[in-house]
Each structure stands twice: as structure tokens, then as C-alpha cells.
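Asks: protein.tsv is the file, holding TSV, C-alpha atoms:
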chain	number	residue	atom	x	y	z
B	470	MET	CA	-33.62	-22.57	17.98
B	471	GLU	CA	-31.69	-24.77	20.41
B	472	ARG	CA	-27.88	-24.53	20.25
B	473	LYS	CA	-27.22	-28.06	18.89
B	474	LYS	CA	-29.81	-27.59	16.16
B	475	ALA	CA	-28.35	-24.16	15.26
B	476	GLU	CA	-24.86	-25.71	14.95
B	477	ALA	CA	-26.23	-28.49	12.74
B	478	VAL	CA	-27.97	-25.95	10.48
B	479	ILE	CA	-24.82	-23.78	10.21
B	480	GLU	CA	-22.70	-26.84	9.48
B	481	ALA	CA	-25.11	-27.99	6.74
B	482	VAL	CA	-25.26	-24.53	5.17
B	483	LEU	CA	-21.46	-24.04	5.15
B	484	PHE	CA	-20.85	-27.56	3.84
B	485	THR	CA	-23.44	-27.25	1.08
B	486	MET	CA	-22.52	-23.73	-0.04
B	487	GLY	CA	-18.83	-24.53	-0.42
B	488	GLU	CA	-18.13	-20.80	-0.36
B	489	SER	CA	-18.16	-18.26	2.42
B	490	VAL	CA	-21.51	-17.23	3.86
B	491	GLU	CA	-22.02	-13.85	5.52
B	492	VAL	CA	-22.70	-13.83	9.25
B	493	SER	CA	-25.94	-11.93	8.66
B	494	ARG	CA	-27.24	-14.67	6.34
B	495	LEU	CA	-26.31	-17.39	8.84
B	496	ALA	CA	-28.06	-15.39	11.58
B	497	ASP	CA	-31.22	-15.17	9.46
B	498	VAL	CA	-31.20	-18.91	8.83
B	499	ILE	CA	-30.98	-19.84	12.51
B	500	GLY	CA	-33.13	-16.96	13.74
B	501	GLU	CA	-30.48	-15.35	15.94
B	502	ASP	CA	-28.66	-12.02	16.01
B	503	LYS	CA	-25.17	-11.65	14.53
B	504	LYS	CA	-23.43	-11.63	17.92
B	505	THR	CA	-25.04	-14.90	19.00
B	506	THR	CA	-24.36	-16.43	15.60
B	507	ARG	CA	-20.67	-15.52	15.85
B	508	GLU	CA	-20.54	-17.12	19.32
B	509	ILE	CA	-22.09	-20.32	17.95
B	510	VAL	CA	-19.66	-20.48	15.03
B	511	GLU	CA	-16.65	-19.72	17.26
B	512	ASN	CA	-17.77	-22.54	19.55
B	513	MET	CA	-18.01	-24.86	16.52
B	514	ILE	CA	-14.48	-23.86	15.46
B	515	GLN	CA	-13.15	-24.60	18.94
B	516	LYS	CA	-14.91	-28.01	19.07
B	517	MET	CA	-13.54	-28.98	15.65
B	518	GLU	CA	-10.05	-28.08	16.81
B	519	GLU	CA	-10.38	-30.01	20.09
B	520	GLU	CA	-11.73	-33.07	18.28
B	521	GLU	CA	-8.88	-32.88	15.73
B	522	ARG	CA	-11.32	-33.07	12.83
B	523	GLY	CA	-10.25	-32.96	9.19
B	524	ILE	CA	-12.31	-29.87	8.49
B	525	SER	CA	-12.41	-26.42	9.98
B	526	ILE	CA	-14.33	-23.20	9.65
B	527	ILE	CA	-12.45	-20.06	8.70
B	528	GLU	CA	-13.51	-16.43	8.89
B	529	LEU	CA	-13.22	-14.26	5.78
B	530	ASP	CA	-14.34	-10.63	5.89
B	531	ASP	CA	-17.45	-10.95	8.10
B	532	ALA	CA	-18.28	-14.36	6.62
B	533	TYR	CA	-17.47	-17.99	7.42
B	534	GLN	CA	-16.46	-20.89	5.20
B	535	MET	CA	-15.99	-24.59	5.86
B	536	CYS	CA	-12.77	-25.99	4.48
B	537	THR	CA	-10.38	-28.90	4.76
B	538	LYS	CA	-7.50	-28.47	7.18
B	539	GLY	CA	-4.12	-27.92	5.51
B	540	GLU	CA	-2.62	-30.91	7.29
B	541	MET	CA	-5.01	-33.18	5.39
B	542	TYR	CA	-3.61	-32.20	1.98
B	543	GLU	CA	-1.24	-35.16	1.61
B	544	HIS	CA	-4.06	-37.59	2.41
B	545	LEU	CA	-6.40	-35.94	-0.07
B	546	MET	CA	-3.75	-36.15	-2.77
B	547	LYS	CA	-3.80	-39.93	-2.49
B	548	ILE	CA	-7.31	-40.01	-3.93
B	549	ALA	CA	-7.57	-36.74	-5.83
B	550	ARG	CA	-5.51	-35.56	-8.75
B	551	ALA	CA	-3.10	-32.73	-8.10
B	552	PRO	CA	-4.75	-29.31	-8.28
B	553	LYS	CA	-3.53	-26.88	-10.90
B	554	LYS	CA	-0.87	-24.73	-9.32
B	555	TYR	CA	-0.26	-21.23	-10.49
B	556	VAL	CA	3.01	-19.41	-10.30
B	557	LEU	CA	3.05	-15.79	-9.25
B	558	THR	CA	5.94	-14.10	-11.02
B	559	ASP	CA	7.47	-10.90	-9.69
B	560	ALA	CA	5.32	-8.90	-12.14
B	561	LEU	CA	2.15	-10.66	-10.96
B	562	LEU	CA	3.03	-10.18	-7.28
B	563	GLU	CA	3.79	-6.53	-7.88
B	564	THR	CA	0.48	-6.03	-9.69
B	565	LEU	CA	-1.42	-7.97	-7.02
B	566	SER	CA	0.17	-5.86	-4.27
B	567	ILE	CA	-0.85	-2.64	-6.00
B	568	ILE	CA	-4.42	-3.86	-6.41
B	569	ALA	CA	-4.62	-5.15	-2.82
B	570	TYR	CA	-3.42	-1.88	-1.28
B	571	LYS	CA	-5.11	0.62	-3.62
B	572	GLN	CA	-8.40	-1.13	-4.44
B	573	PRO	CA	-10.68	-0.42	-6.09
B	574	VAL	CA	-8.21	0.51	-8.80
B	575	THR	CA	-8.24	0.80	-12.60
B	576	ARG	CA	-5.76	-0.88	-14.90
B	577	LEU	CA	-4.39	2.57	-15.82
B	578	GLU	CA	-3.70	3.38	-12.15
B	579	VAL	CA	-1.83	0.07	-11.81
B	580	GLU	CA	0.21	0.93	-14.91
B	581	LYS	CA	1.07	4.38	-13.52
B	582	VAL	CA	2.52	2.78	-10.39
B	583	ARG	CA	4.33	-0.02	-12.27
B	584	GLY	CA	5.46	2.11	-15.18
B	585	VAL	CA	4.65	-0.63	-17.71
B	586	ASN	CA	1.61	-2.11	-19.44
B	587	SER	CA	-0.22	-4.33	-16.96
B	588	ASP	CA	-2.92	-5.89	-19.14
B	589	HIS	CA	-1.37	-9.36	-19.06
B	590	ALA	CA	-0.68	-9.29	-15.31
B	591	VAL	CA	-4.21	-8.16	-14.42
B	592	ASN	CA	-5.75	-10.73	-16.79
B	593	ARG	CA	-3.67	-13.55	-15.26
B	594	LEU	CA	-4.67	-12.51	-11.73
B	595	VAL	CA	-8.34	-12.53	-12.80
B	596	GLU	CA	-7.80	-15.96	-14.37
B	597	PHE	CA	-6.26	-17.24	-11.10
B	598	GLY	CA	-9.27	-15.90	-9.17
B	599	LEU	CA	-7.16	-13.57	-7.00
B	600	VAL	CA	-8.57	-10.38	-8.56
B	601	GLU	CA	-12.00	-9.53	-9.94
B	602	GLU	CA	-13.89	-6.69	-11.55
B	603	VAL	CA	-15.66	-4.78	-8.79
B	604	GLY	CA	-17.35	-2.05	-10.80
B	605	ARG	CA	-16.66	0.85	-13.12
B	606	LEU	CA	-15.14	4.25	-12.44
B	607	ASP	CA	-17.54	7.14	-12.96
B	608	ALA	CA	-15.29	8.84	-15.51
B	609	PRO	CA	-15.07	9.11	-19.31
B	610	GLY	CA	-14.86	5.65	-20.85
B	611	ARG	CA	-16.08	4.12	-17.55
B	612	PRO	CA	-12.93	2.04	-16.97
B	613	LEU	CA	-13.18	-1.19	-14.99
B	614	LEU	CA	-12.25	-1.19	-11.31
B	615	PHE	CA	-10.42	-4.18	-9.86
B	616	GLY	CA	-10.19	-5.54	-6.33
B	617	THR	CA	-9.06	-8.70	-4.58
B	618	THR	CA	-11.27	-11.74	-4.02
B	619	GLU	CA	-11.95	-14.12	-1.16
B	620	GLU	CA	-9.56	-16.52	-2.93
B	621	PHE	CA	-6.87	-13.88	-2.39
B	622	LEU	CA	-7.64	-13.83	1.33
B	623	ARG	CA	-7.58	-17.65	1.51
B	624	SER	CA	-4.37	-17.92	-0.52
B	625	PHE	CA	-2.50	-15.44	1.65
B	626	GLY	CA	-3.99	-16.63	4.95
B	627	VAL	CA	-5.65	-13.39	6.03
B	628	ARG	CA	-9.21	-12.86	7.23
B	629	SER	CA	-9.57	-9.37	5.81
B	630	LEU	CA	-7.60	-6.68	4.03
B	631	ASP	CA	-7.07	-5.01	7.40
B	632	GLU	CA	-4.61	-7.80	8.25
B	633	LEU	CA	-2.30	-6.93	5.34
B	634	PRO	CA	1.02	-5.57	6.60
B	635	SER	CA	1.32	-1.81	6.51
B	636	LEU	CA	4.36	0.05	5.29
B	637	ASP	CA	5.87	2.80	7.37
B	638	ALA	CA	7.28	5.99	5.84
B	639	GLU	CA	10.88	4.72	6.15
B	640	GLN	CA	10.12	1.58	4.12
B	641	ILE	CA	8.41	3.66	1.44
B	642	ASP	CA	11.48	5.93	1.21
B	643	ASP	CA	13.75	2.85	0.91
B	644	PHE	CA	11.60	1.48	-1.92
B	645	ARG	CA	11.59	4.84	-3.68
B	646	HIS	CA	15.40	5.08	-3.36
B	647	GLN	CA	15.85	1.55	-4.76
B	648	ALA	CA	13.54	2.32	-7.69
B	649	GLU	CA	15.43	5.53	-8.47
B	650	GLU	CA	18.75	3.64	-8.43
B	651	GLU	CA	17.32	1.03	-10.84
B	652	ILE	CA	16.14	3.79	-13.17
B	653	ASP	CA	19.59	5.44	-13.07
B	654	LEU	CA	21.24	2.10	-13.93
B	655	LYS	CA	18.95	1.59	-16.93
B	656	VAL	CA	19.58	5.13	-18.20
B	657	ASP	CA	23.38	4.77	-17.89
B	658	ILE	CA	23.46	1.56	-19.96
Could you show the structure in this file as C-alpha cells?
Replies:
Amino acid sequence: MERKKAEAVIEAVLFTMGESVEVSRLADVIGEDKKTTREIVENMIQKMEEEERGISIIELDDAYQMCTKGEMYEHLMKIARAPKKYVLTDALLETLSIIAYKQPVTRLEVEKVRGVNSDHAVNRLVEFGLVEEVGRLDAPGRPLLFGTTEEFLRSFGVRSLDELPSLDAEQIDDFRHQAEEEIDLKVDI
């Protein structure tokens, strides 16, 4: 397929799907290999940027999605009603962090790390679309396993989980020390 036609097909597919589409599926549609397909999409991204268009294509975990540029938000708000915003409390952020770094993870494993019941936090994160059920653990009771979603990646501006910041041993020791001090304070009261 000629390059211009392949770009038009990719653009139509990404626009129509509204969600991310795996590179392999895009490659199948245009009859190219994954490497060539990536080159075509990267070229499209560059052209959109150069032309200062209102839309862009983002990469999410070996997939691409067409979306509106962030700078266009204020203009969109003039004709669209305000989207529902969700607030991530400290408890929700803590739960989300545990799931993001340890996934796939059961609710019980999250509770072991947090030290408190996490049913509400996990349910809210599922409701917000940041976390989803990804399967069941092969153990008695077959508990649900949770992992992050593409919405999580979009919301935090990362392409894949590999881009999440890593903690070094010194930071982990600092966190452990702070947690132990908090526990001591609660026991003394």
C-alpha cells in the first residue's frame, strides 16, 4: 500500500476506534510489518506536530491512540460540559501505587502492604478506570488479580509501566523508617 494511503487508513482506524490499537493490528490492516508501521505512525506524529494540529497520536504499551492535544482543552470546554473529575486521596494514591508496582496483585496483598482494609480504595480505582480485574490467582478461593489500565497510563503521562520511577534501596529504607516512626507514635498515644 502506498505511504499516503497507509497513513489515511491508520488515521481512520485510530479516529474511529477511539481507543488504543496495537501496532500488530495496524500492521495487518495496512499490510506492512510492525517496524514499517511504527515508522509510518511516527512520521504521522511528527507531521501533526509540525502542522500544529489539534490532535495527536500517542503511544501506549505497544499500541497507538489518537487524542486531542492538551492545549486544546480550554477551547473544548467552551462547547462541551466539564468532564467529571475524580479526586485521588492519599489512600487511593497509595493503593494505586501498590497495584502499579506489584501487579498483578490481589486485594489481600494490597491490604498486607497498606495494613488496612482496601476494598473501598480498590473499588474506587476500578470505578475511575485506573485499575481493572486482570484475572484470578490459581489458589484456594481464586481471588481476583488487579492491574492498571491504559487510562492509568494516559492519566499519568507514561507510555508503559517501564517508565514508572524506580525506588532505590536508600529510598525504601527511608520509607520504612518513616512508617516505623508513625507506628511508634500511634502506639505511644
Asks: May I ask which of the residues B:Glu540, B:Leu630, B:Thr575, B:Ala569 is the closest one to Gly610 (chain B), counting only C-alpha atoms?
Replies: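 Nearest candidate to Gly610 (chain B) out of B:Glu540, B:Leu630, B:Thr575, B:Ala569: B:Thr575.
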Asks: Excluding Gln534 (chain B) and any residue of its chain fewer than 3 positions from it, enumerate the residues within 12 Å of it, using only C-alpha atoms, and give them as a PDB file with C-alpha atoms, in the frame of the given file.
Replies:
ATOM      1  CA  ILE B 479     -24.820 -23.780  10.210  1.00  0.00           C
ATOM      2  CA  GLU B 480     -22.700 -26.840   9.480  1.00  0.00           C
ATOM      3  CA  ALA B 481     -25.110 -27.990   6.740  1.00  0.00           C
ATOM      4  CA  VAL B 482     -25.260 -24.530   5.170  1.00  0.00           C
ATOM      5  CA  LEU B 483     -21.460 -24.040   5.150  1.00  0.00           C
ATOM      6  CA  PHE B 484     -20.850 -27.560   3.840  1.00  0.00           C
ATOM      7  CA  THR B 485     -23.440 -27.250   1.080  1.00  0.00           C
ATOM      8  CA  MET B 486     -22.520 -23.730  -0.040  1.00  0.00           C
ATOM      9  CA  GLY B 487     -18.830 -24.530  -0.420  1.00  0.00           C
ATOM     10  CA  GLU B 488     -18.130 -20.800  -0.360  1.00  0.00           C
ATOM     11  CA  SER B 489     -18.160 -18.260   2.420  1.00  0.00           C
ATOM     12  CA  VAL B 490     -21.510 -17.230   3.860  1.00  0.00           C
ATOM     13  CA  GLU B 491     -22.020 -13.850   5.520  1.00  0.00           C
ATOM     14  CA  VAL B 492     -22.700 -13.830   9.250  1.00  0.00           C
ATOM     15  CA  LEU B 495     -26.310 -17.390   8.840  1.00  0.00           C
ATOM     16  CA  VAL B 510     -19.660 -20.480  15.030  1.00  0.00           C
ATOM     17  CA  ILE B 514     -14.480 -23.860  15.460  1.00  0.00           C
ATOM     18  CA  ILE B 524     -12.310 -29.870   8.490  1.00  0.00           C
ATOM     19  CA  SER B 525     -12.410 -26.420   9.980  1.00  0.00           C
ATOM     20  CA  ILE B 526     -14.330 -23.200   9.650  1.00  0.00           C
ATOM     21  CA  ILE B 527     -12.450 -20.060   8.700  1.00  0.00           C
ATOM     22  CA  GLU B 528     -13.510 -16.430   8.890  1.00  0.00           C
ATOM     23  CA  LEU B 529     -13.220 -14.260   5.780  1.00  0.00           C
ATOM     24  CA  ASP B 530     -14.340 -10.630   5.890  1.00  0.00           C
ATOM     25  CA  ASP B 531     -17.450 -10.950   8.100  1.00  0.00           C
ATOM     26  CA  THR B 537     -10.380 -28.900   4.760  1.00  0.00           C
ATOM     27  CA  LYS B 538      -7.500 -28.470   7.180  1.00  0.00           C
ATOM     28  CA  GLU B 619     -11.950 -14.120  -1.160  1.00  0.00           C
ATOM     29  CA  GLU B 620      -9.560 -16.520  -2.930  1.00  0.00           C
ATOM     30  CA  LEU B 622      -7.640 -13.830   1.330  1.00  0.00           C
ATOM     31  CA  ARG B 623      -7.580 -17.650   1.510  1.00  0.00           C
ATOM     32  CA  ARG B 628      -9.210 -12.860   7.230  1.00  0.00           C
TER      33      ARG B 628
END
Asks: Go ahead and compute the interatomic distance for CA of Thr506 (chain B) and CA of Ser493 (chain B), in Å to one decimal.
Replies: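 Between CA of Thr506 (chain B) and CA of Ser493 (chain B) the gap is 8.4 Å.
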Asks: Compile the contact shell of region 582-589 of chain B as a VMD selection string: residues with an atom at most 9 Å away, counting only C-alpha atoms, same-chain residues fewer than 6 positions apart removed.
Replies: chain B and resid 560 to 561 563 to 564 567 576
Asks: Could you check which of B:Leu577, B:Met517, B:Arg494, B:Asn592 is closest to Ala532 (chain B), using all atoms listed in the file?
Replies: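 Residue with the minimum atom-to-atom distance to Ala532 (chain B): B:Arg494.
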Asks: Need to verify the contact set: Gly616 (chain B), 10 Å, all atoms listed in the file, exclusion of same-chain residues closer than 6 positions in sequence. Can you return it as number ranges by chain?
Replies: B: 565, 567-575, 595, 599-604
Asks: I'd like the interatomic distance between CA of Tyr533 (chain B) and CA of Glu511 (chain B), to a tenth of an Å.
Replies: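 We find that CA of Tyr533 (chain B) and CA of Glu511 (chain B) lie 10.0 Å from each other.
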Asks: Closest to Ile509 (chain B) among B:Arg522, B:Lys547, B:Lys581, B:Lys473, using only C-alpha atoms?
Replies: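 Answer, going by the shortest atom-to-atom distance: B:Lys473.
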Asks: Could you tell me how far CA of Lys516 (chain B) lies from CA of Ser629 (chain B), in Å and to one decimal?
Replies: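 Between CA of Lys516 (chain B) and CA of Ser629 (chain B) the gap works out to 23.5 Å.
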